[in-house]
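This is my_file_16.txt. It holds compact mmCIF, C-alpha atoms and all ligand atoms.
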```
# COMPACT_ATOMS: atom_id res chain seq x y z
CA MET A 153 17.20 89.28 43.04
CA ARG A 154 17.25 85.71 41.79
CA SER A 155 15.84 85.04 38.33
CA PHE A 156 12.83 82.83 37.65
CA GLU A 157 15.08 80.02 36.39
CA GLU A 158 17.27 80.24 39.49
CA ARG A 159 14.26 80.12 41.79
CA LEU A 160 12.93 77.13 39.88
CA ALA A 161 16.25 75.30 40.22
CA ASP A 162 16.34 76.19 43.94
CA LEU A 163 12.89 74.73 44.46
CA GLU A 164 13.65 71.52 42.58
CA ALA A 165 16.89 71.04 44.49
CA SER A 166 15.26 71.70 47.86
CA VAL A 167 12.44 69.23 47.16
CA ARG A 168 14.96 66.56 46.17
CA ARG A 169 17.07 67.32 49.25
CA ARG A 170 14.24 67.30 51.78
CA ARG A 171 10.62 66.84 50.80
CA GLY A 172 8.04 68.89 52.65
CA HIS A 173 4.43 67.74 52.96
CA ALA A 174 2.66 70.96 51.92
CA TYR A 175 3.64 73.74 49.52
CA LEU A 176 1.92 76.97 48.62
CA VAL A 177 3.29 78.24 45.32
CA GLU A 178 2.61 81.84 44.37
CA VAL A 179 3.12 82.16 40.64
CA SER A 180 1.58 83.92 37.65
CA ARG A 181 -0.64 81.86 35.35
CA ASN A 182 1.93 82.14 32.56
CA ASP A 183 4.65 80.49 34.62
CA GLU A 184 2.50 78.07 36.60
CA ARG A 185 2.91 75.07 34.25
CA ARG A 186 6.70 75.29 34.32
CA VAL A 187 6.72 75.28 38.12
CA LEU A 188 4.32 72.34 38.30
CA ASP A 189 6.39 70.38 35.75
CA ALA A 190 9.52 70.97 37.82
CA LEU A 191 7.74 69.84 40.99
CA ARG A 192 6.41 66.79 39.19
CA ARG A 193 9.92 65.75 38.20
CA ALA A 194 11.27 66.46 41.68
CA PHE A 195 8.54 64.49 43.47
CA LEU A 196 7.82 61.67 41.06
CA CYS A 197 10.80 60.89 38.82
CA THR A 198 12.43 57.59 39.70
CA HIS A 199 14.91 57.52 36.85
CA PRO A 200 18.38 58.98 37.31
CA ASP A 201 18.55 59.84 33.61
CA GLY A 202 15.43 61.94 34.06
CA GLN A 203 13.98 61.21 30.60
CA SER A 204 12.37 57.83 30.55
CA CYS A 205 9.48 57.91 33.00
CA ARG A 206 5.89 59.14 32.95
CA ALA A 207 6.68 61.89 35.44
CA CYS A 208 9.18 63.45 33.07
CA THR A 209 7.25 62.97 29.85
CA GLY A 210 4.16 64.66 31.29
CA ALA A 211 1.93 61.64 30.55
CA PRO A 212 -0.91 61.04 33.03
CA HIS A 213 0.63 59.71 36.23
CA PRO A 214 -1.30 57.63 38.77
CA ASP A 215 0.38 59.36 41.72
CA TRP A 216 -0.26 62.91 40.53
CA THR A 217 -3.76 64.35 41.02
CA GLU A 218 -4.39 67.86 39.79
CA ILE A 219 -7.56 69.92 39.97
CA GLU A 220 -8.24 73.49 38.93
CA LEU A 221 -11.03 76.01 38.86
CA GLY A 222 -11.91 75.65 35.17
CA SER A 223 -15.12 77.44 34.33
CA ALA A 224 -16.59 77.17 37.84
CA ARG A 225 -16.73 80.15 40.19
CA SER A 226 -15.13 78.32 43.09
CA ILE A 227 -13.57 75.01 44.11
CA GLY A 228 -15.99 73.40 46.52
CA ARG A 229 -15.80 70.60 49.04
CA ALA A 230 -17.02 68.04 46.48
CA GLU A 231 -13.94 68.61 44.30
CA VAL A 232 -11.53 67.62 47.07
CA ALA A 233 -13.79 65.32 49.11
CA ASP A 234 -12.03 62.11 48.05
CA PHE A 235 -8.49 63.39 48.70
CA PRO A 236 -8.27 62.10 52.30
CA THR A 237 -9.36 58.58 51.31
CA ARG A 238 -7.13 58.45 48.26
CA ALA A 239 -4.25 59.78 50.36
CA LEU A 240 -4.33 56.52 52.32
CA VAL A 241 -3.59 54.47 49.19
CA PRO A 242 0.17 53.93 48.78
CA PRO A 243 1.70 55.48 45.63
CA LEU A 244 1.80 53.14 42.64
CA LEU A 245 4.92 54.21 40.74
CA ALA A 246 6.54 57.14 42.54
CA PRO A 247 7.95 57.48 46.06
CA VAL A 248 5.10 59.84 46.93
CA ARG A 249 1.49 60.63 46.09
CA VAL A 250 0.87 64.29 45.18
CA PHE A 251 -2.38 66.27 45.31
CA VAL A 252 -2.33 69.58 43.46
CA VAL A 253 -4.99 72.27 43.77
CA ARG A 254 -4.52 75.09 41.29
CA ASP A 255 -6.37 78.37 41.84
CA ALA A 256 -6.16 77.59 45.57
CA ASP A 257 -7.38 81.11 46.39
CA ARG A 258 -10.75 80.14 44.87
CA MET A 259 -11.46 77.29 47.28
CA THR A 260 -14.53 77.63 49.44
CA PRO A 261 -13.92 77.64 53.24
CA GLU A 262 -15.33 74.08 53.33
CA ALA A 263 -12.84 72.85 50.74
CA SER A 264 -10.00 74.72 52.46
CA ASN A 265 -10.84 73.20 55.82
CA LEU A 266 -10.94 69.72 54.37
CA LEU A 267 -7.49 70.24 52.86
CA LEU A 268 -6.30 71.78 56.13
CA LYS A 269 -7.01 68.49 57.90
CA LEU A 270 -5.01 66.62 55.26
CA VAL A 271 -2.13 69.07 55.61
CA GLU A 272 -2.21 68.94 59.40
CA GLU A 273 -2.09 65.16 59.59
CA PRO A 274 -0.71 64.00 56.27
CA PRO A 275 -0.42 60.25 55.79
CA ASP A 276 3.11 59.44 54.66
CA PRO A 277 4.07 59.66 51.81
CA VAL A 278 1.65 62.37 50.68
CA VAL A 279 2.33 65.89 49.47
CA VAL A 280 -0.20 68.69 48.95
CA VAL A 281 0.68 71.46 46.49
CA LEU A 282 -1.45 74.59 46.23
CA THR A 283 -0.86 77.15 43.50
CA THR A 284 -2.25 80.65 43.38
CA ASP A 285 -1.56 84.01 41.81
CA GLY A 286 -2.76 85.74 44.97
CA VAL A 287 -1.42 84.17 48.16
CA HIS A 288 -3.27 86.61 50.43
CA ASP A 289 -6.61 85.13 49.35
CA VAL A 290 -5.77 81.65 50.64
CA LEU A 291 -7.30 80.70 53.99
CA PRO A 292 -4.73 81.92 56.59
CA THR A 293 -4.78 78.74 58.68
CA LEU A 294 -4.09 76.69 55.56
CA ARG A 295 -1.48 79.13 54.32
CA SER A 296 0.44 79.04 57.59
CA ARG A 297 0.75 75.24 57.38
CA CYS A 298 2.37 75.29 53.96
CA ARG A 299 5.85 76.08 52.80
CA TRP A 300 5.39 79.25 50.80
CA VAL A 301 7.34 79.49 47.55
CA ALA A 302 7.04 82.80 45.70
CA PHE A 303 7.76 83.09 41.97
CA ARG A 304 6.35 86.54 41.52
CA ASP A 305 7.24 89.73 43.25
CA PRO A 306 4.30 90.97 45.24
CA SER A 307 2.95 94.43 44.72
CA PRO A 308 3.15 96.66 47.82
CA GLY A 309 0.55 95.62 50.36
CA ALA A 310 -0.19 92.37 48.55
CA VAL A 311 1.56 90.19 51.11
CA SER A 312 0.13 89.98 54.58
CA THR A 313 2.76 88.74 56.98
CA GLN A 314 1.08 87.13 59.90
CA ALA A 315 2.66 86.28 63.19
CA PRO A 316 2.67 82.55 63.91
CA ASP A 317 -0.23 81.16 65.90
CA TRP A 318 1.48 81.07 69.32
CA SER A 319 -1.15 78.78 70.80
CA GLN A 320 -0.03 75.95 68.51
CA PRO A 321 2.73 73.74 69.96
CA ASP A 322 4.45 73.57 66.57
CA TRP A 323 4.35 77.32 65.86
CA ALA A 324 8.08 77.36 65.14
CA GLU A 325 7.44 75.44 61.92
CA SER A 326 5.64 78.44 60.45
CA LEU A 327 8.70 80.67 60.89
CA GLY A 328 9.83 79.90 57.36
CA PRO A 329 6.78 81.33 55.60
CA VAL A 330 6.72 84.27 58.02
CA SER A 331 10.31 85.14 57.21
CA GLU A 332 9.60 84.76 53.50
CA GLY A 333 6.69 87.16 53.87
CA LEU A 334 8.83 89.79 55.55
CA ARG A 335 11.51 89.52 52.89
CA ALA A 336 8.92 89.83 50.13
CA GLN A 337 7.48 92.94 51.75
CA VAL A 338 10.89 94.55 52.01
CA ARG A 339 11.52 93.81 48.32
CA ALA A 340 8.17 95.28 47.37
CA LEU A 341 8.63 98.40 49.47
CA GLU A 342 12.12 99.36 48.34
CA GLY A 343 10.91 102.81 47.37
CA ASN A 344 9.43 103.51 50.80
CA SER A 345 12.52 103.67 52.97
CA GLU A 346 10.93 104.20 56.40
CA THR A 347 8.54 101.29 56.04
CA ALA A 348 11.31 99.16 54.55
CA ARG A 349 13.58 100.01 57.52
CA ARG A 350 10.91 98.97 59.98
CA LEU A 351 10.30 95.72 58.12
CA ILE A 352 14.01 94.99 57.94
CA GLY A 353 14.13 95.49 61.72
CA GLN A 354 11.39 92.89 62.09
CA TRP A 355 13.21 90.63 59.71
CA ASP A 356 16.44 90.89 61.74
CA ALA A 357 14.51 90.05 64.89
CA VAL A 358 13.06 86.97 63.24
CA VAL A 359 16.45 85.85 62.00
CA SER A 360 18.20 86.27 65.35
CA ALA A 361 15.30 84.63 67.14
CA ALA A 362 15.47 81.71 64.73
CA LEU A 363 19.19 81.38 65.41
CA ASP A 364 18.47 81.32 69.15
CA LEU A 365 15.97 78.60 68.51
CA GLU A 366 18.65 76.52 66.84
CA GLN A 367 21.23 77.12 69.54
CA ASN A 368 19.19 77.02 72.72
CA ALA A 369 16.12 75.09 71.68
CA ASN A 370 14.38 77.42 74.13
CA ARG A 371 11.14 78.12 72.34
CA GLU A 372 9.65 80.18 75.14
CA ILE A 373 12.38 82.84 74.92
CA VAL A 374 12.14 82.87 71.14
CA ARG A 375 8.38 83.19 71.24
CA ARG A 376 8.59 86.24 73.53
CA ARG A 377 11.08 87.95 71.20
CA LEU A 378 8.97 87.23 68.17
CA GLU A 379 5.81 88.43 69.87
CA PHE A 380 7.53 91.72 70.60
CA CYS A 381 8.58 91.97 66.97
CA PHE A 382 5.05 91.56 65.69
CA ASP A 383 3.32 93.63 68.38
CA ARG A 384 5.47 96.56 67.31
CA GLY A 385 4.16 96.32 63.77
ZN ZN A 401 11.64 60.75 35.06
```
Show me the file's structure as structure tokens.
Amino acid sequence: MRSFEERLADLEASVRRRRGHAYLVEVSRNDERRVLDALRRAFLCTHPDGQSCRACTGAPHPDWTEIELGSARSIGRAEVADFPTRALVPPLLAPVRVFVVRDADRMTPEASNLLLKLVEEPPDPVVVVLTTDGVHDVLPTLRSRCRWVAFRDPSPGAVSTQAPDWSQPDWAESLGPVSEGLRAQVRALEGNSETARRLIGQWDAVVSAALDLEQNANREIVRRRLEFCFDRG
């Protein structure tokens, strides 16, 4: 299993290589700041030396908006209501404008749905980052639209692996998080060999289906294979 530092380096490298538009980061509160700092550098730093800009020093940055639960019981619509308008404003210093919602599992359905719209049709260049210590409490439709990055090992049963929403034309894009979910479940269930075997079987089906998708670009065949894989579970 890769260490925390290795996962952090992987994430930073993958963001620099190819930036996604929505991330769901599952991380403990203790480690959350380190992950956000790494993402901040990866998204915002414009200096090759990596030391001389506001992104790297942690000073307030005009292109980085971060909200969290604080002492409230939930994050409501009002807290994120201006995100869509502000998302239309081009970034001031960085190549991208980033909106971060910590404690994303504590968003009300109204707040989640507002963010869902932003994630579904993000103006370029905008990135949404959600952090949570309990990914299963995030609205499933929102969760399925984000790239899921896990920094903590889930306890058995903590990860719900959902099949993609087949009715969506872009369902193949959610294969990444689905595969991640299966892998996490297998890791968590190492002691329960029968369940782990079944999950590994599902995982293999997802992998081979994904390879077919690459080679044939025949999504209908892939969809049928994946449906079978999930119906069995
Ligand atoms: Zn910098």
Checklist line | d(CA of Val248 (chain A), CA of Leu196 (chain A)) in Å | finding: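 These two atoms are separated by 6.7 Å.
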Considering only C-alpha atoms and all ligand atoms, tabulate each residue of chain A that lies at most 12 Å from ligand ZN 401 (chain A) along with its nearest interatomic pair and the corresponding distance in Å to one decimal; arrange the rows by chain and ascending residue number and present them as a Markdown table.
```
| residue | atom | partner | partner_atom | distance |
| --- | --- | --- | --- | --- |
| A:Asp189 | CA | A:ZN401 | ZN | 11.0 |
| A:Ala190 | CA | A:ZN401 | ZN | 10.8 |
| A:Leu191 | CA | A:ZN401 | ZN | 11.5 |
| A:Arg192 | CA | A:ZN401 | ZN | 9.0 |
| A:Arg193 | CA | A:ZN401 | ZN | 6.1 |
| A:Ala194 | CA | A:ZN401 | ZN | 8.8 |
| A:Phe195 | CA | A:ZN401 | ZN | 9.7 |
| A:Leu196 | CA | A:ZN401 | ZN | 7.2 |
| A:Cys197 | CA | A:ZN401 | ZN | 3.9 |
| A:Thr198 | CA | A:ZN401 | ZN | 5.7 |
| A:His199 | CA | A:ZN401 | ZN | 4.9 |
| A:Pro200 | CA | A:ZN401 | ZN | 7.3 |
| A:Asp201 | CA | A:ZN401 | ZN | 7.1 |
| A:Gly202 | CA | A:ZN401 | ZN | 4.1 |
| A:Gln203 | CA | A:ZN401 | ZN | 5.1 |
| A:Ser204 | CA | A:ZN401 | ZN | 5.4 |
| A:Cys205 | CA | A:ZN401 | ZN | 4.1 |
| A:Arg206 | CA | A:ZN401 | ZN | 6.3 |
| A:Ala207 | CA | A:ZN401 | ZN | 5.1 |
| A:Cys208 | CA | A:ZN401 | ZN | 4.2 |
| A:Thr209 | CA | A:ZN401 | ZN | 7.2 |
| A:Gly210 | CA | A:ZN401 | ZN | 9.2 |
| A:Ala211 | CA | A:ZN401 | ZN | 10.7 |
| A:His213 | CA | A:ZN401 | ZN | 11.1 |
| A:Leu245 | CA | A:ZN401 | ZN | 11.0 |
| A:Ala246 | CA | A:ZN401 | ZN | 9.7 |
```
Counting all atoms listed in the file, the residue among A:Thr237, A:Arg168, A:Val250, A:Thr284 that lies closest to Arg185 (chain A) is A:Thr284
Exercise. Can you work out which one of A:Leu266, A:Ala165, A:Val253, A:Val177 has the shortest atom-to-atom distance to Thr217 (chain A), counting only C-alpha atoms?
Key: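 Comparing A:Leu266, A:Ala165, A:Val253, A:Val177 against Thr217 (chain A), the winner is A:Val253.
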Atom pair CA of Val232 (chain A) + CA of Leu267 (chain A), distance 7.5 Å
Quick one: distance from CA of Phe303 (chain A) to CA of Leu176 (chain A) in Å, one decimal?
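For CA of Phe303 (chain A) relative to CA of Leu176 (chain A), the distance reads 10.8 Å.
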Residues within 10 Å of Arg295 (chain A), all atoms listed in the file, excluding chain neighbours under 3 positions, as a tab-separated table (two decimals) with C-alpha atoms, keeping the file's coordinate frame:
```tsv
chain	number	residue	atom	x	y	z
A	174	ALA	CA	2.66	70.96	51.92
A	175	TYR	CA	3.64	73.74	49.52
A	176	LEU	CA	1.92	76.97	48.62
A	264	SER	CA	-10.00	74.72	52.46
A	268	LEU	CA	-6.30	71.78	56.13
A	282	LEU	CA	-1.45	74.59	46.23
A	287	VAL	CA	-1.42	84.17	48.16
A	288	HIS	CA	-3.27	86.61	50.43
A	289	ASP	CA	-6.61	85.13	49.35
A	290	VAL	CA	-5.77	81.65	50.64
A	291	LEU	CA	-7.30	80.70	53.99
A	292	PRO	CA	-4.73	81.92	56.59
A	298	CYS	CA	2.37	75.29	53.96
A	299	ARG	CA	5.85	76.08	52.80
A	300	TRP	CA	5.39	79.25	50.80
A	326	SER	CA	5.64	78.44	60.45
A	329	PRO	CA	6.78	81.33	55.60
```
task: Write out as JSON, numbers by chain which residues come within 12 Å of Glu157 (chain A) when counting only C-alpha atoms, dropping same-chain ones fewer than 5 positions away.
output: {"A": [162, 163, 164, 183, 186, 187, 190, 303]}
Review point. Using all atoms listed in the file, which of A:Arg249, A:Arg254, A:Arg375, A:Arg181 sits nearest Val278 (chain A)?
Key: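 The shortest atom-to-atom distance to Val278 (chain A) comes from A:Arg249.
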- Query: With all atoms listed in the file as the atoms that count, which of A:Pro212, A:Gly172, A:Gly222, A:Gly228 lies nearest to Thr260 (chain A)?
  - Reply: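 Looking only at the distances to Thr260 (chain A), the closest residue turns out to be A:Gly228.
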